[in-house]
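J.: If you scroll down you'll find the structure; I have some questions about it.
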Amino acid sequence: MNLEIDNLWVINIAGVEIWITETIYNTWIIMLILIVLAVIIRFKLKNFKIVPKGFQSLIEGAMETFDNFADNTLGEGFSDIVPWFFMVFVFILSSCLFSVFGLRAPTADWATTFALALASFVIMIFMGFKHQKGKYLKTFFEPNFIFFPLNLIGELAKPVSLSFRLFGNMLSGTIILTLYYALTPLFVQIGIPALLHTFFDVIFGALQTYIFVIISLMYIRGAAE
Amino acid sequence: MYNKIIFLAESVPKGRVFAIDTQTLISIGIQLLNGIILAVALGFILYKPLKNFMQKRTERIQSQIDDTDAKMAEAKELMAEYNRKIDDISKERIEILEDARLKADNERKIILEEARQEADEIKKRSLESVLADEKHLLEETRLTIIELASLMAEKYIAQTIDQETQNKIFNETLAQMEGAKWQD
């Protein structure tokens, strides 16, 4: 485990050099795992009963918990964007759990967190115009038109702060664990890292996932109201 | 594994922790694309089918609950109707019983009155019969006493007075008896 995000391949498309980083590679692995799991669940869905038990109960419970969380945060009229945030939630959580296995979490790369935050920002603006129409643009000039630059910076800062929050938290866990593995003798690297991984990857990861999603949802709700 | 890949790609640039340059922008674009692909895949494969399944089940359960509520309401209505009918029957029974009781009471009074009248009639007839018997007995006793007195007087007179005196007394007595009978 090292601090740098390694570049695995360099592809040249129409003269443009594209680095396939460790983050992108790990993202594809996570995507593959999630899609395979989704396909398995989709096949099992055919055998789902009216009264859920065991695996079905787990899946339905998770789905219902997320739906209630999204509905309570967003309110009515936002059902179209819930699948996106379902993906964001599952992806960030999977990334955090991914690093339990000693692999670099894609969320420990600012490119990933900014991509997710940028998508949330675009959705926020879209929902703002969809629900408030012209009034949304007016909010940039409130309470007075001279506040427009401040309001604009405030809005543009949202994806930046959102992305750096997640990136910083994930990177801090990665740095601490990398330092631990690099600086401690081998015999201390058995057992104790499990506790560190549990804290930084599982607990911290779940917490950061929740924070990222709830803040994104609140930005969207704020823009739409 | 990564080291092996890096080893194979000798011209690959060195890794970094953070940078804002063209490659970062390209990475952001790729990650955004990855996110969209994953969102579409998860949405179509998992989220929507599962959500539809849960929604349909909720609707089915709600429909069953509504049906049950409707049937329960119907059953309650039927129960109320049956209770009303039972109450009506009970009232009717009480009315019939009351009617029968009144009729029986009237019948009893009529029968008692008839019996009383018949008893009075019998009593009256018996009294008349007793009075008639009493009168008849008194008459018979009187005649018997008269006969006995006559016989006794005849025997006494036969022993004490002659035939002429006897005829005279007989005639006088007969005259007296006729006078007494006439008075009765």
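Residues in the structure tokens are numbered from 1 in each chain, the chains being A, B, ... in the order shown, and ligands are numbered from 1 in the order shown.
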Name the residues in contact with region 192-206 of chain A at a cut-off of 6 Å, using only C-alpha atoms, excluding same-chain residues fewer than 6 positions from it; report them as a PDB file with C-alpha atoms, in the first residue's frame.
T.:
```
ATOM      1  CA  LEU A  93     -19.753   2.542   0.891  1.00  0.00           C
ATOM      2  CA  CYS A  96     -14.653   2.254   1.780  1.00  0.00           C
ATOM      3  CA  LEU A  97     -15.183  -1.449   2.375  1.00  0.00           C
ATOM      4  CA  VAL A 100     -10.492  -3.199   4.050  1.00  0.00           C
ATOM      5  CA  GLY A 173      -7.466   6.926   6.614  1.00  0.00           C
TER       6      GLY A 173
END
```
J.: Name the residues in contact with Gly15 (chain B) at a cut-off of 7 Å, using only C-alpha atoms, excluding same-chain residues fewer than 4 positions from it; report them as number ranges by chain.
T.: A: 4-7
J.: Restricted to all heavy atoms, what would the selected residues look like written as a PDB file, in the first residue's frame?
T.:
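File result04.pdb, as written:
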```
ATOM      1  N   GLU A   4       0.725   7.241  -3.227  1.00  0.00           N
ATOM      2  CA  GLU A   4       0.424   7.731  -4.570  1.00  0.00           C
ATOM      3  C   GLU A   4      -0.638   6.884  -5.274  1.00  0.00           C
ATOM      4  O   GLU A   4      -0.741   5.688  -5.026  1.00  0.00           O
ATOM      5  CB  GLU A   4       1.681   7.727  -5.449  1.00  0.00           C
ATOM      6  CG  GLU A   4       2.693   8.773  -5.098  1.00  0.00           C
ATOM      7  CD  GLU A   4       3.666   8.281  -4.032  1.00  0.00           C
ATOM      8  OE1 GLU A   4       3.801   7.037  -3.884  1.00  0.00           O
ATOM      9  OE2 GLU A   4       4.246   9.106  -3.320  1.00  0.00           O
ATOM     10  N   ILE A   5      -1.363   7.579  -6.133  1.00  0.00           N
ATOM     11  CA  ILE A   5      -2.317   6.860  -6.981  1.00  0.00           C
ATOM     12  C   ILE A   5      -1.529   6.456  -8.225  1.00  0.00           C
ATOM     13  O   ILE A   5      -1.174   7.307  -9.056  1.00  0.00           O
ATOM     14  CB  ILE A   5      -3.524   7.755  -7.351  1.00  0.00           C
ATOM     15  CG1 ILE A   5      -4.211   8.261  -6.084  1.00  0.00           C
ATOM     16  CG2 ILE A   5      -4.520   7.013  -8.232  1.00  0.00           C
ATOM     17  CD1 ILE A   5      -5.029   9.504  -6.280  1.00  0.00           C
ATOM     18  N   ASP A   6      -1.256   5.162  -8.333  1.00  0.00           N
ATOM     19  CA  ASP A   6      -0.423   4.690  -9.445  1.00  0.00           C
ATOM     20  C   ASP A   6      -1.170   4.767 -10.771  1.00  0.00           C
ATOM     21  O   ASP A   6      -2.404   4.621 -10.817  1.00  0.00           O
ATOM     22  CB  ASP A   6       0.005   3.247  -9.187  1.00  0.00           C
ATOM     23  CG  ASP A   6       0.936   3.167  -7.983  1.00  0.00           C
ATOM     24  OD1 ASP A   6       1.718   4.124  -7.776  1.00  0.00           O
ATOM     25  OD2 ASP A   6       0.862   2.162  -7.250  1.00  0.00           O
ATOM     26  N   ASN A   7      -0.390   4.967 -11.811  1.00  0.00           N
ATOM     27  CA  ASN A   7      -0.958   4.910 -13.159  1.00  0.00           C
ATOM     28  C   ASN A   7      -0.671   3.514 -13.712  1.00  0.00           C
ATOM     29  O   ASN A   7       0.467   3.064 -13.714  1.00  0.00           O
ATOM     30  CB  ASN A   7      -0.311   5.975 -14.052  1.00  0.00           C
ATOM     31  CG  ASN A   7      -0.663   7.370 -13.564  1.00  0.00           C
ATOM     32  OD1 ASN A   7      -1.810   7.660 -13.283  1.00  0.00           O
ATOM     33  ND2 ASN A   7       0.341   8.226 -13.447  1.00  0.00           N
TER      34      ASN A   7
END
```
J.: Tell me which protein, DNA and RNA residues are within 10 Å of Lys135 (chain A), counting only C-alpha atoms, leaving out same-chain ones fewer than 6 positions away, and put them as a VMD selection string.
T.: chain A and resid 128 to 129 224 to 225
J.: Export, as a tab-separated table (two decimals), in the first residue's frame, the selected residues with C-alpha atoms.
T.:
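selection15.tsv was written with the following content:
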```tsv
chain	number	residue	atom	x	y	z
A	128	GLY	CA	-33.57	24.26	-8.80
A	129	PHE	CA	-34.68	25.34	-12.26
A	224	ALA	CA	-35.66	23.25	-5.20
A	225	GLU	CA	-37.51	25.01	-2.37
```
J.: At what distance in Å, to one decimal, does CA of Phe212 (chain A) lie from CA of Asn72 (chain A)?
T.: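 That distance, rounded to one decimal, is 15.9 Å.
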J.: With a distance threshold of 9 Å and counting only C-alpha atoms, extract the residues of chain B near chain A and express them as a short mmCIF file (atom, residue, chain, number, x, y, z; two decimals) with all heavy atoms, in the first residue's frame.
T.:
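As a result, selection.cif now contains:
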```cif
data_model
loop_
_atom_site.label_atom_id
_atom_site.label_comp_id
_atom_site.auth_asym_id
_atom_site.auth_seq_id
_atom_site.Cartn_x
_atom_site.Cartn_y
_atom_site.Cartn_z
N TYR B 2 -0.57 -4.87 -9.31
CA TYR B 2 -0.38 -3.55 -9.90
C TYR B 2 1.08 -3.34 -10.32
O TYR B 2 1.36 -2.80 -11.38
CB TYR B 2 -0.78 -2.45 -8.92
CG TYR B 2 -2.22 -2.49 -8.53
CD1 TYR B 2 -2.63 -2.03 -7.29
CD2 TYR B 2 -3.19 -2.98 -9.41
CE1 TYR B 2 -3.95 -2.06 -6.94
CE2 TYR B 2 -4.50 -3.02 -9.05
CZ TYR B 2 -4.89 -2.56 -7.81
OH TYR B 2 -6.19 -2.57 -7.46
N ASN B 3 1.99 -3.82 -9.46
CA ASN B 3 3.42 -3.66 -9.76
C ASN B 3 3.77 -4.36 -11.06
O ASN B 3 4.57 -3.88 -11.86
CB ASN B 3 4.27 -4.23 -8.62
CG ASN B 3 4.12 -3.39 -7.36
OD1 ASN B 3 3.76 -2.22 -7.46
ND2 ASN B 3 4.36 -3.98 -6.21
N ILE B 5 1.70 -4.92 -13.55
CA ILE B 5 1.15 -4.14 -14.66
C ILE B 5 2.03 -2.93 -14.94
O ILE B 5 2.35 -2.63 -16.08
CB ILE B 5 -0.31 -3.71 -14.34
CG1 ILE B 5 -1.21 -4.95 -14.27
CG2 ILE B 5 -0.84 -2.73 -15.38
CD1 ILE B 5 -2.53 -4.72 -13.61
N ILE B 6 2.45 -2.26 -13.86
CA ILE B 6 3.31 -1.07 -14.00
C ILE B 6 4.64 -1.47 -14.67
O ILE B 6 5.15 -0.78 -15.53
CB ILE B 6 3.55 -0.41 -12.63
CG1 ILE B 6 2.25 0.21 -12.12
CG2 ILE B 6 4.61 0.69 -12.71
CD1 ILE B 6 2.25 0.49 -10.64
N ALA B 9 4.14 -1.83 -18.30
CA ALA B 9 4.01 -0.55 -18.99
C ALA B 9 5.12 0.38 -18.52
O ALA B 9 4.97 1.13 -17.56
CB ALA B 9 2.64 0.04 -18.68
N SER B 11 6.48 2.96 -19.87
CA SER B 11 6.38 4.40 -20.12
C SER B 11 5.32 5.09 -19.26
O SER B 11 5.04 6.26 -19.46
CB SER B 11 6.06 4.62 -21.59
OG SER B 11 4.83 4.01 -21.90
N VAL B 12 4.73 4.34 -18.33
CA VAL B 12 3.66 4.91 -17.49
C VAL B 12 4.26 5.94 -16.55
O VAL B 12 5.27 5.68 -15.89
CB VAL B 12 2.96 3.78 -16.70
CG1 VAL B 12 2.04 4.35 -15.64
CG2 VAL B 12 2.18 2.90 -17.64
N PRO B 13 3.60 7.15 -16.48
CA PRO B 13 4.13 8.18 -15.58
C PRO B 13 4.00 7.78 -14.11
O PRO B 13 3.20 6.92 -13.77
CB PRO B 13 3.25 9.39 -15.88
CG PRO B 13 2.50 9.05 -17.09
CD PRO B 13 2.42 7.58 -17.20
N LYS B 14 4.76 8.47 -13.30
CA LYS B 14 4.76 8.16 -11.86
C LYS B 14 3.42 8.60 -11.24
O LYS B 14 2.84 9.59 -11.67
CB LYS B 14 5.92 8.91 -11.20
CG LYS B 14 6.32 8.35 -9.85
CD LYS B 14 7.53 9.09 -9.31
CE LYS B 14 7.91 8.58 -7.94
NZ LYS B 14 6.89 8.80 -6.95
N GLY B 15 3.01 7.86 -10.23
CA GLY B 15 1.74 8.19 -9.57
C GLY B 15 1.85 9.44 -8.71
O GLY B 15 2.94 9.91 -8.40
N ARG B 16 0.65 9.99 -8.32
CA ARG B 16 0.64 11.16 -7.45
C ARG B 16 -0.57 11.09 -6.53
O ARG B 16 -1.52 10.33 -6.80
CB ARG B 16 0.62 12.45 -8.27
CG ARG B 16 -0.64 12.69 -9.08
CD ARG B 16 -0.37 12.55 -10.57
NE ARG B 16 -1.60 12.78 -11.34
CZ ARG B 16 -1.79 13.89 -12.04
NH1 ARG B 16 -0.89 14.83 -12.10
NH2 ARG B 16 -2.90 14.02 -12.72
N VAL B 17 -0.55 11.90 -5.48
CA VAL B 17 -1.66 11.88 -4.50
C VAL B 17 -2.76 12.83 -4.96
O VAL B 17 -3.94 12.49 -4.96
CB VAL B 17 -1.15 12.28 -3.10
CG1 VAL B 17 -2.31 12.34 -2.11
CG2 VAL B 17 -0.11 11.30 -2.61
N PHE B 18 -2.35 14.03 -5.34
CA PHE B 18 -3.34 15.03 -5.73
C PHE B 18 -2.74 16.00 -6.73
O PHE B 18 -1.58 16.44 -6.56
CB PHE B 18 -3.83 15.79 -4.49
CG PHE B 18 -4.78 16.90 -4.79
CD1 PHE B 18 -6.10 16.64 -5.15
CD2 PHE B 18 -4.37 18.22 -4.75
CE1 PHE B 18 -6.98 17.67 -5.44
CE2 PHE B 18 -5.25 19.26 -5.04
CZ PHE B 18 -6.56 18.98 -5.38
N ALA B 19 -3.51 16.32 -7.73
CA ALA B 19 -3.06 17.33 -8.69
C ALA B 19 -4.28 17.84 -9.44
O ALA B 19 -5.30 17.14 -9.54
CB ALA B 19 -2.08 16.71 -9.68
N GLN B 23 -4.98 15.60 -16.81
CA GLN B 23 -5.23 14.19 -16.48
C GLN B 23 -6.26 14.04 -15.37
O GLN B 23 -7.07 13.11 -15.40
CB GLN B 23 -3.90 13.51 -16.06
CG GLN B 23 -3.00 13.18 -17.23
CD GLN B 23 -3.72 12.41 -18.34
OE1 GLN B 23 -4.50 11.50 -18.08
NE2 GLN B 23 -3.48 12.78 -19.58
N THR B 24 -6.24 14.99 -14.43
CA THR B 24 -7.26 14.95 -13.35
C THR B 24 -8.65 15.20 -13.96
O THR B 24 -9.61 14.53 -13.60
CB THR B 24 -6.95 16.01 -12.27
OG1 THR B 24 -5.59 15.84 -11.86
CG2 THR B 24 -7.86 15.86 -11.07
N LEU B 25 -8.71 16.17 -14.88
CA LEU B 25 -9.99 16.46 -15.54
C LEU B 25 -10.49 15.25 -16.33
O LEU B 25 -11.67 14.92 -16.32
CB LEU B 25 -9.86 17.68 -16.47
CG LEU B 25 -9.68 19.03 -15.78
CD1 LEU B 25 -9.48 20.13 -16.81
CD2 LEU B 25 -10.88 19.35 -14.91
N ILE B 26 -9.53 14.58 -16.99
CA ILE B 26 -9.89 13.36 -17.74
C ILE B 26 -10.38 12.29 -16.77
O ILE B 26 -11.40 11.62 -17.01
CB ILE B 26 -8.69 12.87 -18.58
CG1 ILE B 26 -8.43 13.86 -19.74
CG2 ILE B 26 -8.94 11.46 -19.14
CD1 ILE B 26 -7.11 13.64 -20.47
N SER B 27 -9.66 12.16 -15.65
CA SER B 27 -10.07 11.17 -14.63
C SER B 27 -11.46 11.50 -14.10
O SER B 27 -12.29 10.60 -13.88
CB SER B 27 -9.07 11.16 -13.47
OG SER B 27 -7.87 10.57 -13.87
N ILE B 28 -11.71 12.79 -13.88
CA ILE B 28 -13.05 13.20 -13.40
C ILE B 28 -14.10 12.79 -14.42
O ILE B 28 -15.15 12.23 -14.07
CB ILE B 28 -13.08 14.74 -13.13
CG1 ILE B 28 -12.24 15.08 -11.90
CG2 ILE B 28 -14.52 15.23 -12.94
CD1 ILE B 28 -11.98 16.57 -11.72
N GLY B 29 -13.79 13.05 -15.70
CA GLY B 29 -14.72 12.68 -16.78
C GLY B 29 -14.97 11.18 -16.79
O GLY B 29 -16.14 10.73 -16.89
N ILE B 30 -13.90 10.41 -16.68
CA ILE B 30 -14.04 8.94 -16.69
C ILE B 30 -14.85 8.47 -15.48
O ILE B 30 -15.76 7.64 -15.61
CB ILE B 30 -12.65 8.26 -16.73
CG1 ILE B 30 -11.96 8.54 -18.06
CG2 ILE B 30 -12.77 6.75 -16.50
CD1 ILE B 30 -10.49 8.13 -18.10
N GLN B 31 -14.55 9.06 -14.33
CA GLN B 31 -15.27 8.65 -13.11
C GLN B 31 -16.74 9.04 -13.18
O GLN B 31 -17.60 8.31 -12.71
CB GLN B 31 -14.62 9.28 -11.86
CG GLN B 31 -13.28 8.68 -11.48
CD GLN B 31 -13.37 7.19 -11.15
OE1 GLN B 31 -13.49 6.34 -12.03
NE2 GLN B 31 -13.30 6.86 -9.87
N LEU B 32 -17.00 10.20 -13.79
CA LEU B 32 -18.39 10.63 -13.99
C LEU B 32 -19.12 9.65 -14.91
O LEU B 32 -20.26 9.24 -14.63
CB LEU B 32 -18.39 12.03 -14.61
CG LEU B 32 -19.65 12.87 -14.47
CD1 LEU B 32 -20.07 13.02 -13.02
CD2 LEU B 32 -19.46 14.23 -15.10
N LEU B 33 -18.44 9.26 -15.97
CA LEU B 33 -19.00 8.28 -16.89
C LEU B 33 -19.23 6.94 -16.19
O LEU B 33 -20.28 6.30 -16.36
CB LEU B 33 -18.05 8.09 -18.08
CG LEU B 33 -18.61 7.34 -19.28
CD1 LEU B 33 -19.72 8.12 -19.97
CD2 LEU B 33 -17.49 7.04 -20.27
N ASN B 34 -18.23 6.54 -15.39
CA ASN B 34 -18.37 5.29 -14.61
C ASN B 34 -19.58 5.37 -13.69
O ASN B 34 -20.35 4.41 -13.58
CB ASN B 34 -17.12 5.06 -13.76
CG ASN B 34 -15.95 4.56 -14.58
OD1 ASN B 34 -16.13 4.01 -15.66
ND2 ASN B 34 -14.74 4.77 -14.09
N GLY B 35 -19.71 6.55 -13.04
CA GLY B 35 -20.85 6.74 -12.13
C GLY B 35 -22.17 6.63 -12.86
O GLY B 35 -23.10 5.98 -12.38
N ILE B 36 -22.25 7.26 -14.03
CA ILE B 36 -23.50 7.22 -14.82
C ILE B 36 -23.80 5.78 -15.24
O ILE B 36 -24.93 5.30 -15.11
CB ILE B 36 -23.41 8.17 -16.03
CG1 ILE B 36 -23.38 9.62 -15.55
CG2 ILE B 36 -24.57 7.96 -16.99
CD1 ILE B 36 -22.95 10.64 -16.60
N ILE B 37 -22.76 5.09 -15.72
CA ILE B 37 -22.96 3.68 -16.14
C ILE B 37 -23.44 2.84 -14.97
O ILE B 37 -24.40 2.07 -15.08
CB ILE B 37 -21.65 3.10 -16.74
CG1 ILE B 37 -21.33 3.79 -18.07
CG2 ILE B 37 -21.76 1.58 -16.93
CD1 ILE B 37 -19.90 3.54 -18.57
N LEU B 38 -22.78 3.03 -13.81
CA LEU B 38 -23.16 2.25 -12.63
C LEU B 38 -24.58 2.59 -12.17
O LEU B 38 -25.36 1.69 -11.82
CB LEU B 38 -22.15 2.51 -11.50
CG LEU B 38 -22.31 1.64 -10.25
CD1 LEU B 38 -22.12 0.16 -10.59
CD2 LEU B 38 -21.31 2.04 -9.18
N ALA B 39 -24.90 3.90 -12.21
CA ALA B 39 -26.24 4.32 -11.78
C ALA B 39 -27.31 3.71 -12.70
O ALA B 39 -28.32 3.20 -12.23
CB ALA B 39 -26.34 5.84 -11.80
N VAL B 40 -27.05 3.76 -14.00
CA VAL B 40 -28.01 3.20 -14.97
C VAL B 40 -28.13 1.68 -14.76
O VAL B 40 -29.23 1.13 -14.70
CB VAL B 40 -27.58 3.54 -16.42
CG1 VAL B 40 -28.43 2.77 -17.42
CG2 VAL B 40 -27.71 5.03 -16.67
N ALA B 41 -26.98 1.02 -14.62
CA ALA B 41 -26.98 -0.44 -14.44
C ALA B 41 -27.70 -0.83 -13.16
O ALA B 41 -28.60 -1.69 -13.19
CB ALA B 41 -25.54 -0.96 -14.43
N LEU B 42 -27.33 -0.20 -12.06
CA LEU B 42 -27.97 -0.55 -10.78
C LEU B 42 -29.44 -0.18 -10.79
O LEU B 42 -30.27 -0.91 -10.25
CB LEU B 42 -27.27 0.17 -9.61
CG LEU B 42 -25.87 -0.32 -9.22
CD1 LEU B 42 -25.36 0.44 -8.02
CD2 LEU B 42 -25.84 -1.80 -8.92
N GLY B 43 -29.74 0.95 -11.43
CA GLY B 43 -31.14 1.39 -11.50
C GLY B 43 -32.00 0.41 -12.25
O GLY B 43 -33.07 0.03 -11.78
N ILE B 45 -31.12 -2.80 -13.25
CA ILE B 45 -31.02 -4.21 -12.82
C ILE B 45 -31.62 -4.42 -11.43
O ILE B 45 -32.31 -5.40 -11.20
CB ILE B 45 -29.54 -4.68 -12.84
CG1 ILE B 45 -28.98 -4.60 -14.25
CG2 ILE B 45 -29.40 -6.11 -12.31
CD1 ILE B 45 -27.47 -4.77 -14.33
N LEU B 46 -31.33 -3.47 -10.53
CA LEU B 46 -31.71 -3.72 -9.13
C LEU B 46 -32.78 -2.78 -8.59
O LEU B 46 -33.83 -3.24 -8.13
CB LEU B 46 -30.44 -3.63 -8.25
CG LEU B 46 -30.63 -3.85 -6.76
CD1 LEU B 46 -31.03 -5.29 -6.49
CD2 LEU B 46 -29.35 -3.52 -6.01
N TYR B 47 -32.49 -1.47 -8.65
CA TYR B 47 -33.33 -0.51 -7.92
C TYR B 47 -34.79 -0.54 -8.37
O TYR B 47 -35.69 -0.76 -7.55
CB TYR B 47 -32.74 0.90 -8.06
CG TYR B 47 -33.45 1.92 -7.20
CD1 TYR B 47 -33.12 2.06 -5.87
CD2 TYR B 47 -34.46 2.70 -7.73
CE1 TYR B 47 -33.77 2.99 -5.07
CE2 TYR B 47 -35.13 3.63 -6.93
CZ TYR B 47 -34.77 3.77 -5.61
OH TYR B 47 -35.43 4.68 -4.83
N LYS B 48 -34.99 -0.35 -9.68
CA LYS B 48 -36.38 -0.25 -10.16
C LYS B 48 -37.16 -1.57 -10.03
O LYS B 48 -38.29 -1.55 -9.55
CB LYS B 48 -36.41 0.27 -11.60
CG LYS B 48 -36.20 1.77 -11.63
CD LYS B 48 -36.41 2.39 -12.97
CE LYS B 48 -36.22 3.89 -12.88
NZ LYS B 48 -36.26 4.55 -14.18
N PRO B 49 -36.56 -2.73 -10.43
CA PRO B 49 -37.32 -3.98 -10.25
C PRO B 49 -37.66 -4.26 -8.78
O PRO B 49 -38.78 -4.67 -8.48
CB PRO B 49 -36.38 -5.05 -10.80
CG PRO B 49 -35.47 -4.34 -11.71
CD PRO B 49 -35.29 -2.99 -11.14
N LEU B 50 -36.69 -4.02 -7.91
CA LEU B 50 -36.93 -4.26 -6.49
C LEU B 50 -37.99 -3.30 -5.94
O LEU B 50 -38.87 -3.71 -5.19
CB LEU B 50 -35.61 -4.09 -5.71
CG LEU B 50 -35.60 -4.60 -4.27
CD1 LEU B 50 -35.95 -6.08 -4.19
CD2 LEU B 50 -34.23 -4.38 -3.64
N LYS B 51 -37.88 -2.06 -6.38
CA LYS B 51 -38.84 -1.04 -5.95
C LYS B 51 -40.25 -1.39 -6.46
O LYS B 51 -41.22 -1.29 -5.72
CB LYS B 51 -38.39 0.31 -6.50
CG LYS B 51 -39.20 1.47 -6.05
CD LYS B 51 -38.46 2.30 -5.06
CE LYS B 51 -39.27 3.56 -4.82
NZ LYS B 51 -39.37 3.94 -3.49
N PHE B 53 -41.32 -4.38 -7.24
CA PHE B 53 -41.77 -5.56 -6.50
C PHE B 53 -42.37 -5.16 -5.15
O PHE B 53 -43.46 -5.59 -4.78
CB PHE B 53 -40.58 -6.52 -6.29
CG PHE B 53 -40.86 -7.63 -5.31
CD1 PHE B 53 -41.60 -8.74 -5.68
CD2 PHE B 53 -40.41 -7.55 -3.99
CE1 PHE B 53 -41.87 -9.75 -4.77
CE2 PHE B 53 -40.67 -8.56 -3.09
CZ PHE B 53 -41.40 -9.66 -3.48
N MET B 54 -41.61 -4.29 -4.44
CA MET B 54 -42.07 -3.85 -3.12
C MET B 54 -43.34 -3.01 -3.22
O MET B 54 -44.25 -3.14 -2.40
CB MET B 54 -40.96 -3.07 -2.41
CG MET B 54 -39.82 -3.97 -1.96
SD MET B 54 -38.32 -3.10 -1.51
CE MET B 54 -38.77 -2.41 0.05
N ARG B 57 -46.25 -5.28 -4.00
CA ARG B 57 -46.61 -6.04 -2.78
C ARG B 57 -47.36 -5.13 -1.81
O ARG B 57 -48.37 -5.54 -1.23
CB ARG B 57 -45.34 -6.59 -2.12
CG ARG B 57 -45.67 -7.50 -0.95
CD ARG B 57 -44.45 -8.02 -0.29
NE ARG B 57 -43.57 -6.93 0.10
CZ ARG B 57 -42.35 -7.10 0.56
NH1 ARG B 57 -41.85 -8.30 0.65
NH2 ARG B 57 -41.61 -6.08 0.93
N ILE B 61 -51.04 -5.85 -0.59
CA ILE B 61 -51.38 -5.96 0.83
C ILE B 61 -52.43 -4.91 1.20
O ILE B 61 -53.39 -5.21 1.91
CB ILE B 61 -50.10 -5.83 1.70
CG1 ILE B 61 -49.22 -7.07 1.52
CG2 ILE B 61 -50.45 -5.65 3.17
CD1 ILE B 61 -47.82 -6.94 2.08
#
```
J.: Interatomic distance between CA of Gly102 (chain A) and CA of Ser216 (chain A)?
T.: 28.5 Å
J.: Would you list, as a PyMOL selection string, the residues of chain A that end up in helix (DSSP H, G or I) under DSSP run on this structure's backbone?
T.: chain A and resi 22-45+54-74+82-101+106-108+110-132+134-141+145-183+186-189+192-224
J.: Within 10 Å of region 142-155 of chain A, counting only C-alpha atoms, which residues qualify if same-chain residues fewer than 6 places away don't, as a list in words?
T.: Phe121, Met124, Ile125, Tyr219 and Ala223 of chain A
J.: Using N, CA, C and O atoms, can you write the selected residues to a file as a JSON list (two decimals), in the first residue's frame?
T.:
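The result, written out as out.json:
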```
[["chain", "number", "residue", "atom", "x", "y", "z"],
["A", 121, "PHE", "N", -24.03, 18.50, -8.00],
["A", 121, "PHE", "CA", -24.16, 19.94, -8.27],
["A", 121, "PHE", "C", -25.03, 20.18, -9.51],
["A", 121, "PHE", "O", -25.92, 21.04, -9.50],
["A", 124, "MET", "N", -28.47, 19.45, -8.64],
["A", 124, "MET", "CA", -28.99, 20.54, -7.79],
["A", 124, "MET", "C", -29.48, 21.71, -8.65],
["A", 124, "MET", "O", -30.59, 22.22, -8.45],
["A", 125, "ILE", "N", -28.66, 22.11, -9.61],
["A", 125, "ILE", "CA", -29.05, 23.23, -10.48],
["A", 125, "ILE", "C", -30.27, 22.86, -11.32],
["A", 125, "ILE", "O", -31.21, 23.65, -11.44],
["A", 219, "TYR", "N", -28.59, 19.96, -0.33],
["A", 219, "TYR", "CA", -28.30, 21.00, -1.34],
["A", 219, "TYR", "C", -29.42, 21.01, -2.39],
["A", 219, "TYR", "O", -29.91, 22.07, -2.78],
["A", 223, "ALA", "N", -32.11, 23.95, -3.12],
["A", 223, "ALA", "CA", -32.21, 24.61, -4.42],
["A", 223, "ALA", "C", -33.63, 24.54, -4.96],
["A", 223, "ALA", "O", -34.10, 25.46, -5.62]]
```
J.: For CA of Glu172 (chain B) and CA of Glu147 (chain B), determine how far apart the two atoms are, in Å to one decimal place.
T.: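 Straight-line distance from CA of Glu172 (chain B) to CA of Glu147 (chain B) works out to 16.5 Å.
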